$ cat start_19.cif   # mmCIF, C-alpha atoms
data_final
loop_
_atom_site.label_atom_id
_atom_site.label_comp_id
_atom_site.auth_asym_id
_atom_site.auth_seq_id
_atom_site.Cartn_x
_atom_site.Cartn_y
_atom_site.Cartn_z
CA MET A 1 -4.58 122.48 113.24
CA ALA A 2 -3.80 126.14 113.86
CA HIS A 3 -1.14 126.81 116.45
CA ARG A 4 -3.42 128.75 118.81
CA ILE A 5 -6.12 125.99 118.71
CA ARG A 6 -3.53 123.24 119.26
CA LEU A 7 -2.12 125.15 122.23
CA ALA A 8 -5.60 125.71 123.71
CA VAL A 9 -6.45 121.98 123.34
CA TRP A 10 -3.32 120.89 125.16
CA LEU A 11 -3.92 123.43 127.93
CA VAL A 12 -7.45 121.98 128.38
CA LEU A 13 -5.99 118.48 128.37
CA VAL A 14 -3.54 119.53 131.11
CA ALA A 15 -6.16 121.09 133.37
CA GLY A 16 -9.20 118.89 132.49
CA PRO A 17 -8.17 115.59 134.20
CA ALA A 18 -7.12 117.41 137.36
CA LEU A 19 -10.44 119.16 137.52
CA GLY A 20 -12.22 115.83 136.91
CA MET A 21 -10.28 114.13 139.68
CA ALA A 22 -11.04 116.98 142.05
CA ALA A 23 -14.77 116.83 141.24
CA ALA A 24 -14.85 113.04 141.63
CA GLY A 25 -13.14 113.23 145.02
CA ALA A 26 -15.54 115.90 146.18
CA LEU A 27 -18.50 113.74 145.28
CA GLY A 28 -17.02 110.64 146.97
CA MET A 29 -16.89 108.66 143.72
CA LEU A 30 -13.26 107.47 144.12
CA ARG A 31 -13.68 104.46 146.46
CA PRO A 32 -11.99 102.29 147.61
CA GLY A 33 -8.62 104.04 148.44
CA TRP A 34 -6.47 102.09 145.96
CA LEU A 35 -8.62 103.42 143.11
CA ALA A 36 -7.86 106.98 144.20
CA SER A 37 -4.13 106.16 144.24
CA VAL A 38 -4.23 104.71 140.72
CA GLY A 39 -6.20 107.69 139.50
CA LEU A 40 -3.69 110.11 141.08
CA LEU A 41 -0.76 108.31 139.46
CA ALA A 42 -2.47 108.33 136.06
CA LEU A 43 -3.30 112.00 136.51
CA THR A 44 0.37 112.82 137.33
CA ILE A 45 1.68 110.95 134.28
CA TRP A 46 -0.85 112.54 132.02
CA THR A 47 -0.20 116.05 133.37
CA ALA A 48 3.57 115.64 132.83
CA TYR A 49 3.04 114.43 129.26
CA ALA A 50 0.55 117.17 128.46
CA ALA A 51 2.86 119.81 129.98
CA TYR A 52 5.68 118.50 127.79
CA ARG A 53 3.48 118.81 124.71
CA VAL A 54 2.52 122.38 125.68
CA HIS A 55 6.19 123.26 126.12
CA ALA A 56 7.02 121.70 122.74
CA ALA A 57 4.18 123.57 121.06
CA VAL A 58 5.50 126.87 122.46
CA ALA A 59 9.27 126.26 122.08
CA ALA A 60 9.34 124.65 118.59
CA PRO A 61 8.20 127.79 116.70
CA LEU A 62 10.68 129.86 118.73
CA ARG A 63 13.57 127.52 117.85
CA THR A 64 12.51 127.51 114.20
CA THR A 65 12.35 131.31 114.12
CA ALA A 66 15.76 131.57 115.85
CA ALA A 67 17.33 129.20 113.30
CA LEU A 68 15.83 131.19 110.44
CA LEU A 69 17.10 134.48 111.88
CA GLN A 70 20.54 132.96 112.33
CA GLY A 71 20.52 132.09 108.64
CA LEU A 72 19.74 135.72 107.79
CA ARG A 73 22.52 136.93 110.08
CA GLU A 74 24.97 134.63 108.29
CA GLY A 75 23.87 135.94 104.91
CA ASN A 76 21.72 133.01 103.77
CA PHE A 77 18.75 134.88 102.31
CA SER A 78 17.47 131.95 100.27
CA VAL A 79 15.98 130.03 103.23
CA ARG A 80 12.18 130.13 103.56
CA ALA A 81 9.71 128.95 106.25
CA ARG A 82 6.50 126.99 105.69
CA GLY A 83 3.35 128.28 107.34
CA ASP A 84 -0.21 129.47 106.77
CA GLY A 85 -0.07 133.17 107.35
CA GLN A 86 -3.83 133.67 107.16
CA HIS A 87 -5.08 131.26 109.85
CA ASP A 88 -2.17 130.76 112.21
CA ASP A 89 -0.37 133.16 114.52
CA VAL A 90 2.96 131.37 114.02
CA GLY A 91 2.19 131.27 110.30
CA VAL A 92 1.81 135.05 110.33
CA LEU A 93 5.24 135.32 111.99
CA LEU A 94 6.83 132.96 109.46
CA ALA A 95 5.15 134.76 106.56
CA GLU A 96 6.65 138.03 107.76
CA PHE A 97 10.02 136.30 107.99
CA ASN A 98 9.67 135.09 104.40
CA ALA A 99 8.82 138.60 103.26
CA LEU A 100 11.85 139.99 105.10
CA ALA A 101 14.13 137.33 103.59
CA THR A 102 12.80 138.09 100.09
CA TRP A 103 13.39 141.82 100.60
CA LEU A 104 16.91 141.27 101.94
CA GLN A 105 17.72 138.93 99.05
CA ALA A 106 16.57 141.57 96.55
CA ARG A 107 18.60 144.23 98.36
CA ARG A 108 21.70 142.04 98.34
CA LEU A 109 21.26 141.35 94.63
CA THR A 110 20.91 145.09 94.04
CA ASP A 111 24.02 145.76 96.12
CA ILE A 112 25.99 143.10 94.23
CA GLU A 113 24.93 144.54 90.89
CA ALA A 114 25.74 148.06 92.08
CA SER A 115 29.16 146.92 93.31
CA ALA A 116 29.84 145.15 90.02
CA LEU A 117 28.82 148.28 88.10
CA LEU A 118 31.00 150.45 90.33
CA ALA A 119 33.96 148.09 89.87
CA THR A 120 33.46 148.14 86.08
CA VAL A 121 33.24 151.93 85.98
CA MET A 122 36.30 152.26 88.24
CA SER A 123 38.32 149.90 86.05
CA GLU A 124 37.38 151.79 82.88
CA LEU A 125 38.20 155.21 84.29
CA GLU A 126 41.37 156.80 82.96
CA SER A 127 41.47 158.97 86.07
CA ALA A 128 43.19 157.53 89.14
CA VAL A 129 40.92 157.18 92.19
CA LEU A 130 42.39 156.85 95.70
CA ALA A 131 40.46 156.68 98.99
CA PHE A 132 42.25 157.08 102.33
CA ASP A 133 40.82 156.57 105.81
CA GLY A 134 41.33 158.89 108.78
CA ARG A 135 44.80 157.44 109.42
CA GLN A 136 45.82 158.15 105.79
CA VAL A 137 45.80 154.45 104.92
CA LEU A 138 44.73 153.58 101.39
CA ARG A 139 41.45 151.66 101.38
CA LEU A 140 40.37 151.89 97.74
CA ALA A 141 42.21 152.23 94.43
CA ASN A 142 41.32 151.58 90.80
CA PRO A 143 43.53 150.06 88.04
CA ALA A 144 44.49 153.55 86.79
CA ALA A 145 45.97 154.26 90.23
CA ALA A 146 47.80 150.93 90.15
CA ARG A 147 49.41 151.94 86.85
CA LEU A 148 50.65 155.18 88.44
CA PHE A 149 52.46 153.26 91.17
CA THR A 150 53.38 150.29 88.89
CA ARG A 151 51.92 147.91 91.47
CA PRO A 152 48.78 145.75 91.52
CA VAL A 153 45.81 147.11 93.44
CA GLU A 154 46.10 144.37 96.08
CA ASP A 155 49.63 145.50 96.89
CA LEU A 156 48.56 149.13 97.31
CA LEU A 157 45.64 148.61 99.69
CA GLY A 158 46.57 148.89 103.35
CA ARG A 159 49.62 151.08 102.72
CA SER A 160 49.90 154.57 104.14
CA ALA A 161 50.23 157.73 102.10
CA ALA A 162 53.79 158.08 103.45
CA GLU A 163 54.72 154.61 102.16
CA LEU A 164 53.31 155.45 98.75
CA GLY A 165 54.99 158.85 98.70
CA CYS A 166 51.78 160.78 98.09
CA GLU A 167 51.27 162.71 101.35
CA ARG A 168 51.22 165.87 99.25
CA LEU A 169 47.90 164.81 97.71
CA LEU A 170 46.18 164.91 101.11
CA GLU A 171 47.16 168.47 101.89
CA PRO A 172 44.19 170.89 101.92
CA GLN A 173 45.77 173.15 99.28
CA ALA A 174 46.58 170.21 96.98
CA ALA A 175 43.84 170.83 94.42
CA GLY A 176 43.64 172.09 90.87
CA LEU A 177 46.47 171.64 88.38
CA MET A 178 49.68 170.19 89.81
CA SER A 179 52.93 168.84 88.44
CA LEU A 180 53.35 165.38 89.97
CA GLU A 181 55.78 162.53 89.60
CA PHE A 182 54.82 158.90 90.22
CA PRO A 183 56.80 155.69 89.62
CA GLY A 184 54.73 155.05 86.52
CA ALA A 185 54.00 158.56 85.20
CA VAL A 186 55.21 162.14 85.25
CA GLY A 187 53.22 165.16 84.14
CA ARG A 188 50.48 167.65 84.89
CA TRP A 189 47.46 166.45 86.85
CA GLU A 190 44.11 167.87 87.79
CA VAL A 191 43.59 166.99 91.46
CA ARG A 192 40.10 166.85 93.01
CA HIS A 193 39.18 166.18 96.63
CA SER A 194 36.03 164.83 98.22
CA SER A 195 34.96 162.95 101.35
CA PHE A 196 32.56 160.14 102.23
CA ARG A 197 31.73 157.91 105.17
CA GLN A 198 31.96 154.14 105.26
CA ASP A 199 31.09 152.04 108.31
CA GLY A 200 30.66 155.31 110.18
CA LEU A 201 34.26 156.43 109.49
CA ALA A 202 35.27 159.45 107.41
CA HIS A 203 37.32 158.77 104.25
CA HIS A 204 39.22 161.15 101.98
CA LEU A 205 38.74 160.67 98.23
CA VAL A 206 41.36 161.91 95.76
CA VAL A 207 40.78 161.84 91.99
CA LEU A 208 43.71 162.46 89.64
CA HIS A 209 43.16 163.22 85.98
CA ASP A 210 46.17 163.38 83.69
CA VAL A 211 45.86 166.53 81.58
CA SER A 212 49.37 166.28 80.12
CA ARG A 213 48.18 164.40 77.06
CA ALA A 214 45.34 166.86 76.40
CA LEU A 215 47.73 169.78 76.81
CA ARG A 216 50.25 168.14 74.51
CA GLU A 217 47.53 167.51 71.94
CA GLU A 218 46.58 171.20 71.97
CA GLU A 219 50.25 172.08 71.75
CA ARG A 220 50.72 169.65 68.88
CA LEU A 221 47.80 171.15 66.97
CA ALA A 222 49.35 174.59 67.43
CA TRP A 223 52.69 173.30 66.15
CA ARG A 224 51.00 171.70 63.14
CA ARG A 225 49.31 174.95 62.22
CA LEU A 226 52.59 176.81 62.65
CA ILE A 227 54.49 174.27 60.57
CA ARG A 228 51.92 174.43 57.78
CA VAL A 229 52.10 178.23 57.68
CA LEU A 230 55.90 178.26 57.75
CA SER A 231 56.14 175.54 55.12
CA HIS A 232 53.75 177.40 52.81
CA GLU A 233 55.44 180.76 53.16
CA LEU A 234 59.02 179.48 53.04
CA ASN A 235 58.37 177.16 50.11
CA ASN A 236 56.93 180.09 48.19
CA SER A 237 60.24 181.89 48.73
CA LEU A 238 62.67 178.96 48.50
CA THR A 239 61.50 177.79 45.11
CA PRO A 240 62.23 181.08 43.28
CA ILE A 241 65.46 181.55 45.26
CA THR A 242 66.74 178.15 44.11
CA SER A 243 65.61 178.80 40.54
CA ILE A 244 67.21 182.26 40.43
CA ALA A 245 70.44 180.91 41.91
CA ASN A 246 70.60 178.25 39.19
CA SER A 247 69.88 180.81 36.48
CA LEU A 248 72.51 183.24 37.80
CA GLY A 249 75.02 180.41 38.00
CA ARG A 250 74.53 179.58 34.33
CA PHE A 251 74.68 183.29 33.43
CA VAL A 252 77.93 183.79 35.33
CA ALA A 253 79.45 180.77 33.63
CA ARG A 254 78.89 182.45 30.23
CA ALA A 255 79.59 186.04 31.27
CA GLU A 256 82.87 187.78 30.44
CA MET A 257 84.70 188.42 33.72
CA ASP A 258 87.98 187.49 35.32
CA GLU A 259 88.20 184.04 36.87
CA ALA A 260 88.60 185.30 40.42
CA SER A 261 85.34 187.26 40.26
CA ARG A 262 83.59 184.35 38.53
CA ASP A 263 84.67 181.97 41.31
CA ASP A 264 83.51 184.34 44.02
CA VAL A 265 80.08 184.81 42.44
CA GLN A 266 79.59 181.10 41.78
CA ARG A 267 80.72 180.27 45.32
CA GLY A 268 78.18 182.73 46.72
CA LEU A 269 75.41 181.38 44.51
CA GLY A 270 76.33 177.84 45.57
CA VAL A 271 76.00 178.81 49.22
CA ILE A 272 72.59 180.33 48.54
CA GLU A 273 71.40 177.26 46.68
CA SER A 274 72.74 174.77 49.26
CA ARG A 275 71.20 176.67 52.17
CA ALA A 276 67.90 176.89 50.34
CA GLN A 277 67.96 173.12 49.77
CA ALA A 278 68.92 172.49 53.41
CA LEU A 279 66.06 174.66 54.60
CA ASN A 280 63.70 172.77 52.31
CA ARG A 281 64.85 169.44 53.77
CA PHE A 282 64.42 170.93 57.25
CA LEU A 283 60.81 171.80 56.49
CA LYS A 284 60.13 168.38 54.98
CA GLY A 285 61.36 166.81 58.23
CA TYR A 286 58.92 168.83 60.29
CA ALA A 287 56.14 167.98 57.87
CA THR A 288 56.23 164.45 59.29
CA LEU A 289 54.96 165.87 62.59
CA ALA A 290 52.01 167.53 60.86
CA LYS A 291 51.17 164.56 58.64
CA LEU A 292 51.65 161.55 60.93
CA PRO A 293 48.77 159.17 60.09
CA PRO A 294 46.69 157.40 62.76
CA PRO A 295 48.31 154.11 63.84
CA ALA A 296 47.24 150.91 62.07
CA VAL A 297 47.27 148.70 65.16
CA GLN A 298 48.06 144.99 64.96
CA ASP A 299 49.83 142.31 67.03
CA VAL A 300 53.59 142.93 66.96
CA SER A 301 56.23 140.64 68.45
CA LEU A 302 58.65 142.94 70.24
CA SER A 303 61.87 140.92 70.22
CA PRO A 304 62.28 140.60 66.41
CA LEU A 305 61.36 144.27 65.93
CA VAL A 306 63.98 145.48 68.46
CA THR A 307 66.57 143.19 66.88
CA GLN A 308 65.80 144.74 63.50
CA VAL A 309 66.15 148.25 64.94
CA ALA A 310 69.53 147.35 66.45
CA ALA A 311 70.71 145.85 63.15
CA LEU A 312 69.90 149.08 61.30
CA GLN A 313 72.25 151.17 63.46
CA ARG A 314 75.45 149.15 62.87
CA SER A 315 77.17 150.74 65.86
CA PRO A 316 79.69 148.97 68.15
CA SER A 317 78.40 151.10 71.03
CA LEU A 318 74.93 149.53 70.90
CA ARG A 319 74.18 146.52 73.08
CA LEU A 320 70.94 144.52 73.05
CA ALA A 321 70.21 143.16 76.53
CA GLY A 322 66.85 141.78 75.48
CA GLY A 323 63.87 140.79 77.58
CA PRO A 324 60.81 138.49 77.62
CA ASP A 325 59.11 137.49 74.39
CA VAL A 326 55.95 139.65 74.44
CA THR A 327 53.41 140.75 71.86
CA VAL A 328 52.06 144.31 71.84
CA ARG A 329 49.24 146.00 69.98
CA ALA A 330 50.91 148.66 67.85
CA ASP A 331 51.54 150.06 64.40
CA PRO A 332 54.78 148.21 63.58
CA ASP A 333 56.18 150.99 61.34
CA GLN A 334 55.52 153.72 63.90
CA LEU A 335 56.84 151.60 66.80
CA GLU A 336 59.99 150.88 64.80
CA GLN A 337 60.45 154.59 64.04
CA LEU A 338 59.97 155.47 67.71
CA LEU A 339 62.63 152.97 68.82
CA ILE A 340 65.01 154.09 66.05
CA ASN A 341 64.74 157.68 67.23
CA LEU A 342 65.37 156.73 70.87
CA VAL A 343 68.38 154.59 69.95
CA ARG A 344 69.82 157.26 67.66
CA ASN A 345 69.36 159.85 70.41
CA GLY A 346 71.35 157.63 72.76
CA LEU A 347 74.09 156.94 70.18
CA ASP A 348 74.45 160.67 69.47
CA ALA A 349 74.79 161.31 73.21
CA VAL A 350 77.61 158.76 73.73
CA GLN A 351 79.66 160.19 70.88
CA GLU A 352 80.89 162.82 73.36
CA THR A 353 81.79 160.33 76.11
CA GLY A 354 82.62 157.15 74.20
CA GLY A 355 80.17 155.15 76.33
CA ALA A 356 77.64 152.50 75.38
CA VAL A 357 73.89 152.33 74.72
CA GLN A 358 71.83 149.38 75.96
CA VAL A 359 68.30 148.39 74.92
CA GLU A 360 66.32 146.26 77.38
CA TRP A 361 62.70 145.58 78.30
CA GLU A 362 60.66 143.84 80.98
CA THR A 363 57.06 143.38 82.09
CA GLY A 364 55.88 144.81 85.41
CA ALA A 365 53.46 143.54 88.03
CA ALA A 366 50.82 146.06 86.89
CA GLY A 367 50.54 144.40 83.46
CA GLU A 368 52.77 146.92 81.73
CA LEU A 369 55.72 146.58 79.37
CA GLU A 370 58.65 148.94 79.87
CA VAL A 371 61.28 149.36 77.13
CA ARG A 372 64.44 151.18 78.21
CA VAL A 373 67.20 152.72 76.12
CA VAL A 374 70.03 153.40 78.58
CA ASP A 375 73.02 155.49 77.50
CA GLU A 376 76.25 156.63 79.16
CA GLY A 377 76.23 160.12 77.70
CA PRO A 378 76.42 163.48 79.47
CA GLY A 379 72.73 163.53 80.42
CA VAL A 380 70.07 166.19 79.88
CA ALA A 381 70.37 169.67 81.31
CA ALA A 382 67.93 170.49 84.11
CA GLY A 383 64.71 172.03 82.85
CA ALA A 384 65.30 171.01 79.22
CA ASP A 385 62.06 169.91 77.56
CA VAL A 386 63.51 167.61 74.94
CA PHE A 387 60.08 166.60 73.59
CA VAL A 388 59.15 170.09 72.38
CA PRO A 389 59.39 170.50 68.58
CA PHE A 390 62.36 172.59 67.39
CA PHE A 391 64.17 172.04 70.72
CA THR A 392 67.57 170.37 70.39
CA THR A 393 70.84 170.22 72.30
CA LYS A 394 72.84 168.77 69.40
CA PRO A 395 74.85 170.83 66.92
CA GLY A 396 72.97 170.59 63.64
CA GLY A 397 69.98 168.88 65.28
CA THR A 398 66.45 169.49 64.06
CA GLY A 399 64.44 168.83 67.23
CA ILE A 400 62.20 166.35 65.39
CA GLY A 401 63.18 162.91 66.68
CA LEU A 402 61.97 163.00 70.28
CA ALA A 403 58.95 165.14 69.42
CA LEU A 404 57.94 162.46 66.90
CA CYS A 405 58.49 159.77 69.58
CA ARG A 406 56.05 161.45 71.94
CA GLN A 407 53.50 161.97 69.16
CA ILE A 408 53.64 158.27 68.24
CA ALA A 409 53.42 157.24 71.90
CA ASP A 410 50.42 159.51 72.56
CA ALA A 411 48.63 158.19 69.47
CA HIS A 412 48.96 154.64 70.87
CA GLY A 413 48.09 155.57 74.46
CA TRP A 414 51.64 154.91 75.65
CA GLN A 415 54.04 157.02 77.70
CA VAL A 416 57.60 157.97 76.78
CA THR A 417 59.95 159.78 79.17
CA LEU A 418 63.61 160.79 79.21
CA GLU A 419 65.38 161.24 82.52
CA ASN A 420 68.92 161.37 83.85
CA ARG A 421 70.36 158.25 85.45
CA THR A 422 70.83 158.26 89.20
CA ASP A 423 73.72 155.79 89.39
CA VAL A 424 76.12 157.23 86.79
CA ALA A 425 76.10 159.88 84.08
CA GLY A 426 73.74 159.28 81.21
CA CYS A 427 70.04 159.09 80.36
CA VAL A 428 67.28 156.52 80.43
CA ALA A 429 64.56 156.71 77.80
CA ARG A 430 61.50 154.76 78.97
CA LEU A 431 58.61 153.61 76.82
CA ARG A 432 55.70 152.24 78.88
CA VAL A 433 53.16 150.12 77.00
CA PRO A 434 50.04 148.65 78.73
CA LEU A 435 49.64 144.97 77.88
CA THR A 436 45.99 144.68 79.03
#

$ encode --input "start_19.cif" --output "structure tokens"
Amino acid sequence: MAHRIRLAVWLVLVAGPALGMAAAGALGMLRPGWLASVGLLALTIWTAYAAYRVHAAVAAPLRTTAALLQGLREGNFSVRARGDGQHDDVGVLLAEFNALATWLQARRLTDIEASALLATVMSELESAVLAFDGRQVLRLANPAAARLFTRPVEDLLGRSAAELGCERLLEPQAAGLMSLEFPGAVGRWEVRHSSFRQDGLAHHLVVLHDVSRALREEERLAWRRLIRVLSHELNNSLTPITSIANSLGRFVARAEMDEASRDDVQRGLGVIESRAQALNRFLKGYATLAKLPPPAVQDVSLSPLVTQVAALQRSPSLRLAGGPDVTVRADPDQLEQLLINLVRNGLDAVQETGGAVQVEWETGAAGELEVRVVDEGPGVAAGADVFVPFFTTKPGGTGIGLALCRQIADAHGWQVTLENRTDVAGCVARLRVPLT
């Protein structure tokens, strides 16, 4: 029975007996007196029961609707009500509730999918994304930002910009290209600012894109072109110089002249030939920068490889502190060459001071491996860019080793830095390798 008909029937049943009793009394039909008393008692009982049923018919749909709305408020969008929406007023109400619940469920599914997509995009971004609220407290960060601070995202959220040491990023003029230093990275960054509102509150969005690698790649291409041109031109000159020096040496050996003059000429020709050969070796060394092949990546166990690198040096100044047994994705030959160059750089530095060089590594909370080559040398002069090709602070150095280290690291997506120690004199070469 439809709700409105059921309610009308019970209302008639409430009022009908009373009206009947009144009509019977008016017509004098309720005699003797005890019959009127019994009829009044029956009428009272019936009226109370019928009133209860009317109340139940009105209150039950309200309680059902309240329970359903409570479920929606608590996020349970799967609950549905039963009712005939075409022939019943309460059914119409429940049908509208079902339609609302279906719409909210679809919206929540859309929001969940959108949030999952946003989380996936944020995790895949190489740019660091940071969102601060009006009190400069970090409310959102992606994995790239976590790598900058060498902390997991959960540890960053809720911290202020002052605690993270990045108040400079929130300054109005902090936009465009900037040189920044973070616990996990140092270099040139493109800084972009934006704003958005969440829960009615304004938030400040900062996006950091590392342009150091792109700039270094352009710089490396320029060096490669320069090296190719120099190699071509110098080789065209060195080959005939070496050949002519050899020919003149043989001619002088047969020529008639006093021994003193012969020795002077041969000594001069020997210097020419040796310098030409040294210059040729110099160019061949730089050719490795221009011809470094793409890495052939495979699983490499770090501990045996570092042990092998240490064994190749045969130096009493080298100590192997070790670290956890980890496996990295790398070209083993290029990783070995990178570590050899870092260790040799440290050993060359301690020759002046007689100190030691220590190789160690550990894994960080942000899922990153850090290999350190720590030396007790004199350190690096302020402003010296030791990773630039041709730059060297060593007598007789070529400026190839560290430049090759950075090229290998960039090809793998790693980061290599060299910085002075803060506790004592010396340098720390850091190689950071993501493990995930």

$ resolve_selection --input "start_19.cif" --expression "the PyMOL selection byres ((chain A and resi 303-306) around 10)" --output "ChimeraX atom specification"
/A:300-302,307-312,320,322-327,332-333,335-336,339-340,359-361,371

$ closest_residue --input "start_19.cif" --among "A:Asp133, A:Val207, A:Ser315, A:Thr110" --to "Ala145 of chain A" --atoms "all atoms listed in the file"
A:Val207

$ atom_distance --input "start_19.cif" --atom1 "atom CA of Asn236 of chain A" --atom2 "atom CA of Asp264 of chain A"
27.2 Å

$ residues_around --input "start_19.cif" --residues "segment 248-255 of chain A" --least-positions-apart "3" --cutoff "12 Å" --atoms "only C-alpha atoms" --output "ChimeraX atom specification"
/A:240-245,258-273

$ resolve_selection --input "start_19.cif" --expression "the PyMOL selection byres ((chain A and resi 404) around 9)" --output "list in words"
Thr288, Leu289, Leu292, Gln337, Leu338, Asn341, Phe387, Pro389, Ile400, Gly401, Leu402, Ala403, Cys405, Arg406, Gln407, Ile408 and Ala409 of chain A

$ write_last_selection --input "start_19.cif" --atoms "C-alpha atoms" --output "PDB file, in the frame of the given file"
ATOM      1  CA  THR A 288      56.230 164.450  59.290  1.00  0.00           C
ATOM      2  CA  LEU A 289      54.960 165.870  62.590  1.00  0.00           C
ATOM      3  CA  LEU A 292      51.650 161.550  60.930  1.00  0.00           C
ATOM      4  CA  GLN A 337      60.450 154.590  64.040  1.00  0.00           C
ATOM      5  CA  LEU A 338      59.970 155.470  67.710  1.00  0.00           C
ATOM      6  CA  ASN A 341      64.740 157.680  67.230  1.00  0.00           C
ATOM      7  CA  PHE A 387      60.080 166.600  73.590  1.00  0.00           C
ATOM      8  CA  PRO A 389      59.390 170.500  68.580  1.00  0.00           C
ATOM      9  CA  ILE A 400      62.200 166.350  65.390  1.00  0.00           C
ATOM     10  CA  GLY A 401      63.180 162.910  66.680  1.00  0.00           C
ATOM     11  CA  LEU A 402      61.970 163.000  70.280  1.00  0.00           C
ATOM     12  CA  ALA A 403      58.950 165.140  69.420  1.00  0.00           C
ATOM     13  CA  CYS A 405      58.490 159.770  69.580  1.00  0.00           C
ATOM     14  CA  ARG A 406      56.050 161.450  71.940  1.00  0.00           C
ATOM     15  CA  GLN A 407      53.500 161.970  69.160  1.00  0.00           C
ATOM     16  CA  ILE A 408      53.640 158.270  68.240  1.00  0.00           C
ATOM     17  CA  ALA A 409      53.420 157.240  71.900  1.00  0.00           C
TER      18      ALA A 409
END

$ closest_residue --input "start_19.cif" --among "A:Val343, A:Ala411, A:Ala214, A:Val386" --to "Asp331 of chain A" --atoms "only C-alpha atoms"
A:Ala411

$ build_atoms --input "start_19.cif" --residues "segment 313-328 of chain A" --atoms "N, CA and C atoms" --output "compact mmCIF listing (two decimals), keeping the file's coordinate frame"
# COMPACT_ATOMS: atom_id res chain seq x y z
N GLN A 313 71.34 150.12 62.98
CA GLN A 313 72.25 151.17 63.46
C GLN A 313 73.71 150.84 63.15
N ARG A 314 74.08 149.58 63.18
CA ARG A 314 75.45 149.15 62.87
C ARG A 314 76.47 149.94 63.68
N SER A 315 76.26 150.00 64.98
CA SER A 315 77.17 150.74 65.86
C SER A 315 77.75 149.80 66.90
N PRO A 316 79.09 149.83 67.10
CA PRO A 316 79.69 148.97 68.15
C PRO A 316 79.32 149.41 69.56
N SER A 317 78.77 150.61 69.71
CA SER A 317 78.40 151.10 71.03
C SER A 317 77.04 150.59 71.48
N LEU A 318 76.30 149.96 70.59
CA LEU A 318 74.93 149.53 70.90
C LEU A 318 74.94 148.09 71.37
N ARG A 319 74.31 147.86 72.52
CA ARG A 319 74.18 146.52 73.08
C ARG A 319 72.69 146.20 73.25
N LEU A 320 72.34 144.97 72.93
CA LEU A 320 70.94 144.52 73.05
C LEU A 320 70.85 143.54 74.20
N ALA A 321 70.33 144.02 75.36
CA ALA A 321 70.21 143.16 76.53
C ALA A 321 69.03 142.22 76.43
N GLY A 322 68.00 142.64 75.69
CA GLY A 322 66.85 141.78 75.48
C GLY A 322 65.87 141.81 76.63
N GLY A 323 64.92 140.87 76.58
CA GLY A 323 63.87 140.79 77.58
C GLY A 323 62.91 139.67 77.22
N PRO A 324 61.77 139.57 77.90
CA PRO A 324 60.81 138.49 77.62
C PRO A 324 60.20 138.63 76.23
N ASP A 325 59.76 137.50 75.70
CA ASP A 325 59.11 137.49 74.39
C ASP A 325 57.65 137.89 74.58
N VAL A 326 57.31 139.13 74.25
CA VAL A 326 55.95 139.65 74.44
C VAL A 326 55.41 140.15 73.11
N THR A 327 54.10 140.22 73.03
CA THR A 327 53.41 140.75 71.86
C THR A 327 52.62 141.99 72.28
N VAL A 328 52.75 143.06 71.52
CA VAL A 328 52.06 144.31 71.84
C VAL A 328 51.15 144.67 70.67
